[in-house]
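What follows is a set of notes on a single structure, which appears directly below.
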Amino acid sequence: MDDRSSLGRVSGSTESVSTVTSEEFVLVPPSAGGSPSSSEGKPRLKMSWNGSEQLQKAMEEVLDDDVTHEGTRQDEHTEDPQTPVASGSQKRPPNLTLDPCPADGSVGSTDSSAPEEDSVQFSKLSYLGCTWVKAPRSESEAQKAMATLRAESAIPIPVILHVPNIPEGCVRIVDQASGTEIASFPIYKVLFCARGKDGTLEGDCFSFTESYRSSEDFQIHVFSCHIKEAVSRILYSFSTAFKRSSKPAPDVRDSALPMSPDGDVYTFTVSMEVREDDGKGNFSPVPKDRDKYYFKLRQSVQKKVVVTVQQMNNKELVIERCFGMLLSPGQKVRNNDMHLLDMESMGKSADGKAYVITGTWDPTTPVFQMLNEDTPKDKQVFMTVAVDLVVTEVVEPVRFLMEAPVRVYPSNERFWYFSRKTFSETFYLKLKQQGGARGSQGDAMLEVVSLQRHSERTNGGRGRLQSPTEEEEPEEDSDSEISSGTGDVSKDCPEKILESWGSILNRWHSNLCVRPKGLSALVRPGVPEALRAEVWQLLSGCHSDQDLLERYRILITKDSAQEGVITRDIHRTFPAHDYFKDSNGDGQDSLYKICKAYSVYDEEIGYCQGQSFLAAVLLLHMPEEQAFCVLVKIMYEYGLRALYKNNFEELHCKFYQLERLLQEQLPELWSHFQEMNLEAHMYASQWFLTLFTAKFPLCMVFHITDLLLCEGLNIIFNVALALLKTSKEDLLQADFEGALKFFRVQLPKRYRAAENARRLMEQACNIKVPTKKLKKFEKEYQSLRESQLQQEDPIDRYQFRSV
């Protein structure tokens, strides 16, 4: 049988493969009333328990095809199709190679005669790229991502895909031309696979979703297959890899759990154990205090954290896998303060009634320092442990979070009296059916309503599941805007990056007239916070402008006609920042003097609302004299003041350029805005006039300032397009009022976490905004304005031409 024709029968049936690790594969005899293919007496592949019916059909076709190939090779071994195979066993199909045109190569797996080789390799694939998704196991989001990347990928990368054959293996993407590894992901972090719908342009595509770097982020990677029919074989390999990545578990389906009086509430008991290296090659449970039940830890001793999750009632929810165990010192910690532990193992317990996750913990890691310091007498500290679980038929990951008291002792401490009582908590998970959504076996898909601890429930507390993708902020879903000046900025920086900056700055100071080679590449990821004062002054050219420094000292002694407006604005600039909170403090005093000095310095423009935010950003890094100098440079040499001139004519040109870029790069969103009559000036005015400083968190604001001083004012377009791209799906679902509220409230809140802001700026730097294209759009705008002014007053036309 031809490989291509056989796989063609399943190309439309296999839509997605979820990471179900509890399925069983069984070879069963054909039924009498089967299809023509089954009447030939070949063994059939059946997936029982939590399997996908679509995947089952696909694998039946693949197996039929493999058996036919085996039958044509008389010298090879044969198997009686009627021979029963025990439940839980798996027959691995032989190697599948597609070669419709020998000159063009092949798509398929490499030779897999060795049963335990590291991976199956697939060639003749193109990598179309990756993007972020909110729901990692959503079929609809996967289809959207495949459609988007299929359309936007200008130059697909020919790659070889490695799908592991061993439990601890990794999915690897390798550049076909150079053999360089592009990316690698442990199989336990791959959460979902899907293929493009038949009959669409994405019919030759497939994708997989993985938990990017931590359990809080999800990326989907999209590929196109040069031979469309091979997609089914690739999904089959992923299915096999998912099964191998989990420990086998006994069949406990017959031991039904007691039903809850509330049918939508599922009770779980979650217990935690900490183990330490005993110096003999084993890890033993650490003791707990007999009275207060805190864990007794020893300094600098390698540890393991073991979390056991057991469902106590209701219809059984199968835990497919844990894709993240996180640890942090303290209580009530934020998501971005937690740190991912290396996973050692996961899977069902020996009796099949619980799910056990083990992670390794190196206490000498600096982020865990609080949990590795000798605790003062009669004191105790807390540690927070969380596990993120993928649960069958639940559309979002479920996080169980535990806070435990600990005390840290010297490494040679001996404990004589301690409790062996298990540290455990009871959780109540409330679920509801999600619309008409159905899972792989037709089961209703469920979404989380709340997740409560027992203590919260008995005290009447209200619990809500915190998704691993959310920030733990109480006002996340509120209608209130975040205050300007919000957020902390980390001063930590890797030693290698500081060394690179030290080298650059030494070369720069030896020749201040020329920017050193390699500077832009260092600025793009963000200037280290400790170096921003020096770097910003060097980038803006203030290092040698002594005349401007002296002039500032004179300007602050002069009166300004705009002092009243300035005073009013000062009190609402960065109210969330301690430096500017006090109306009689140094921060507001310095800010007032800078704004007043500029209003006297620039007689044409004077003080404009919004300047105080930019001045405040500079004041947080340098004395007021230097801050004033950098402000003047940004206004004059970087062209920001031009946006305020001639009735904001230049600003309206920027709006036109942004809308034209939006039309070219995000046509669907542009059309949606057109239908709503949503224009750029309605949401982007502050972006241009305040350089994003008025509403966005400081970690993002400082990074934008880095890029502005290095690249110029046009970086605003990059950041604006990145914001619109990452918010596309939310904006497409919003009406006019909803979109304005989203820009004003929800959008800035997304970037309070430094990692979210970093990823956004990384995307902004990768967006191409050619200067020639901006010039072209500028000419278009000038022509349109000229046409409009032909019908207006001659004086207005003269003013426009003199801009």
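Letters for chains follow the order of the structure tokens (A, B, ...), residue numbers begin at 1 for each chain, and ligand numbers begin at 1 in the order shown.
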
If you count only C-alpha atoms, which residues fall within 9 Å of range 569-575 of chain A, apart from same-chain ones fewer than 6 positions away, as an NGL selection string? :A and (483-486 or 581-583 or 588-589 or 591-592 or 595 or 609-610 or 612-613 or 616 or 694)

How would the residues just picked look written out with C-alpha atoms as a compact mmCIF listing (two decimals), in the first residue's frame?
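The resulting part.txt:
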```txt
# COMPACT_ATOMS: atom_id res chain seq x y z
CA SER A 483 -1.41 54.85 38.84
CA SER A 484 1.53 56.34 37.00
CA GLY A 485 4.87 55.43 38.52
CA THR A 486 3.71 51.92 39.37
CA LYS A 581 4.25 61.19 46.98
CA ASP A 582 5.05 63.97 49.42
CA SER A 583 3.81 67.37 48.28
CA GLN A 588 8.03 67.15 43.71
CA ASP A 589 10.32 70.12 44.35
CA LEU A 591 10.14 68.07 39.29
CA TYR A 592 8.57 71.52 39.65
CA CYS A 595 9.25 71.83 34.35
CA GLN A 609 0.93 68.55 29.82
CA GLY A 610 2.75 65.24 29.77
CA SER A 612 6.23 66.14 33.79
CA PHE A 613 6.05 62.34 33.36
CA ALA A 616 10.04 62.33 36.47
CA ALA A 694 2.03 58.28 31.86
```

Which residues are near range 748-759 of chain A? Cut-off 6 Å, only C-alpha atoms, ignore same chain within fewer than 3 positions. Put them as a VMD selection string. chain A and resid 696 to 697 700 762

May I have the selected residues written with N, CA and C atoms, as an mmCIF file, in the first residue's frame?
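In the end it all went to again.cif:
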```cif
data_model
loop_
_atom_site.group_PDB
_atom_site.id
_atom_site.type_symbol
_atom_site.label_atom_id
_atom_site.label_comp_id
_atom_site.auth_asym_id
_atom_site.auth_seq_id
_atom_site.Cartn_x
_atom_site.Cartn_y
_atom_site.Cartn_z
ATOM 1 N N PHE A 696 2.048 53.317 31.803
ATOM 2 C CA PHE A 696 2.633 51.983 31.862
ATOM 3 C C PHE A 696 3.591 51.849 33.050
ATOM 4 N N PRO A 697 3.792 50.601 33.523
ATOM 5 C CA PRO A 697 4.687 50.363 34.665
ATOM 6 C C PRO A 697 6.124 50.794 34.370
ATOM 7 N N MET A 700 8.704 48.828 32.149
ATOM 8 C CA MET A 700 8.511 48.980 30.705
ATOM 9 C C MET A 700 8.903 50.388 30.245
ATOM 10 N N GLU A 762 11.046 42.774 23.600
ATOM 11 C CA GLU A 762 11.763 41.893 22.676
ATOM 12 C C GLU A 762 11.016 41.792 21.349
#
```

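For Glu675 in chain A, the residues within 12 Å (counting only C-alpha atoms, excluding itself and residues fewer than 4 positions away along the chain) are A:Glu668, A:Leu669, A:Trp670, A:Ser671, A:Glu679, A:Leu732, A:Ala734, A:Asp735, A:Phe736.
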
Excluding same-chain residues fewer than 4 positions from Ser590 in chain A, what lies within 12 Å of it counting only C-alpha atoms, as a list in words? Ile556, Thr567, Ile570, Tyr579, Phe580, Ser583, Asn584, Gly585, Asp586, Ile594, Cys595, Lys596, Ala597, Ser612, Ala615, Ala616, Leu618, Leu619, Leu620, Met622, Pro623, Glu624, Glu625, Gln626, Ala627 and Phe628 of chain A

Selected residue, from A:Val190, A:Leu709, A:Leu666, A:Leu698, that lies nearest to Ser490 in chain A when counting only C-alpha atoms: A:Leu698

Take CA of Pro516 in chain A and CA of Leu708 in chain A and report the distance between them in Å, one decimal. 17.3 Å

Given only C-alpha atoms, how would the per-residue table for range 114-191 of chain A near range 334-348 of chain A read, listing every residue at most 12 Å away with its closest atom pair and distance in Å to one decimal, sorted by chain and number, as a Markdown table?
```
| residue | atom | partner | partner_atom | distance |
| --- | --- | --- | --- | --- |
| A:Pro167 | CA | A:Ser345 | CA | 9.8 |
| A:Glu168 | CA | A:Ser345 | CA | 9.1 |
| A:Pro186 | CA | A:Met343 | CA | 10.1 |
| A:Ile187 | CA | A:Met343 | CA | 11.7 |
| A:Tyr188 | CA | A:Met346 | CA | 9.2 |
| A:Lys189 | CA | A:Met343 | CA | 10.4 |
```

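Separating CA of Ser544 in chain A from CA of Arg515 in chain A is a distance of 14.4 Å.
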
Which range 508-543 of chain A residues have any atom within 12 Å of an atom of range 634-651 of chain A, and for each, what is the nearest pair of atoms with distance in Å to one decimal, counting only C-alpha atoms, rows sorted by chain and number, as a tab-separated table?
```
residue	atom	partner	partner_atom	distance
A:Trp536	CA	A:Ile634	CA	10.7
A:Gln537	CA	A:Ile634	CA	10.9
A:Leu539	CA	A:Ile634	CA	10.5
A:Ser540	CA	A:Ile634	CA	7.4
A:Gly541	CA	A:Glu637	CA	9.7
A:Cys542	CA	A:Ile634	CA	10.6
```

Report as a PyMOL selection string all protein, DNA and RNA residues lying within 8 Å of Tyr127 in chain A, evaluated on only C-alpha atoms, omitting residues in the same chain fewer than 6 positions from it. chain A and resi 156-159+221-224

Would you pick out the contacts of Thr392 in chain A at 7 Å or less, using only C-alpha atoms, so that residues sharing its chain but fewer than 2 positions from it are not included, and give the list as a PyMOL selection string? chain A and resi 317-320+390+394

Those residues with N, CA and C atoms, as an mmCIF file, in the first residue's frame please?
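What ended up in again_30.cif:
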```
data_model
loop_
_atom_site.group_PDB
_atom_site.id
_atom_site.type_symbol
_atom_site.label_atom_id
_atom_site.label_comp_id
_atom_site.auth_asym_id
_atom_site.auth_seq_id
_atom_site.Cartn_x
_atom_site.Cartn_y
_atom_site.Cartn_z
ATOM 1 N N LEU A 317 -11.368 13.071 37.946
ATOM 2 C CA LEU A 317 -10.678 13.947 37.004
ATOM 3 C C LEU A 317 -9.254 13.416 36.863
ATOM 4 N N VAL A 318 -8.871 13.068 35.666
ATOM 5 C CA VAL A 318 -7.545 12.479 35.464
ATOM 6 C C VAL A 318 -6.498 13.580 35.328
ATOM 7 N N ILE A 319 -5.498 13.541 36.187
ATOM 8 C CA ILE A 319 -4.374 14.469 36.077
ATOM 9 C C ILE A 319 -3.437 13.936 35.003
ATOM 10 N N GLU A 320 -3.285 14.703 33.947
ATOM 11 C CA GLU A 320 -2.459 14.243 32.832
ATOM 12 C C GLU A 320 -0.976 14.413 33.116
ATOM 13 N N VAL A 390 -2.169 19.823 34.546
ATOM 14 C CA VAL A 390 -3.083 19.710 33.413
ATOM 15 C C VAL A 390 -4.067 18.598 33.736
ATOM 16 N N VAL A 394 -10.524 19.833 31.695
ATOM 17 C CA VAL A 394 -10.522 21.177 32.278
ATOM 18 C C VAL A 394 -9.689 22.063 31.366
#
```

Which of range 536-680 of chain A counts as alpha helix (DSSP H) under DSSP, as number ranges by chain please? A: 536-540, 546-555, 563-570, 578-581, 586-601, 611-619, 624-636, 649-665, 667-676

Quick one: residues within 12 Å of Ala404 in chain A, only C-alpha atoms counted, chain neighbours fewer than 3 positions away excluded, as a ChimeraX atom specification? /A:271-274,288,292-296,327-332,371,380-386,401,407,422-425

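For the pair CA of Lys303 in chain A and CA of Lys377 in chain A, the separation is 22.9 Å.
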
Enumerate as a ChimeraX atom specification all residues of range 397-603 of chain A assigned to strand (DSSP E or B) by DSSP on the backbone, naming them with the chain letters and numbers the document uses. /A:398-409,419,423-438,444-453
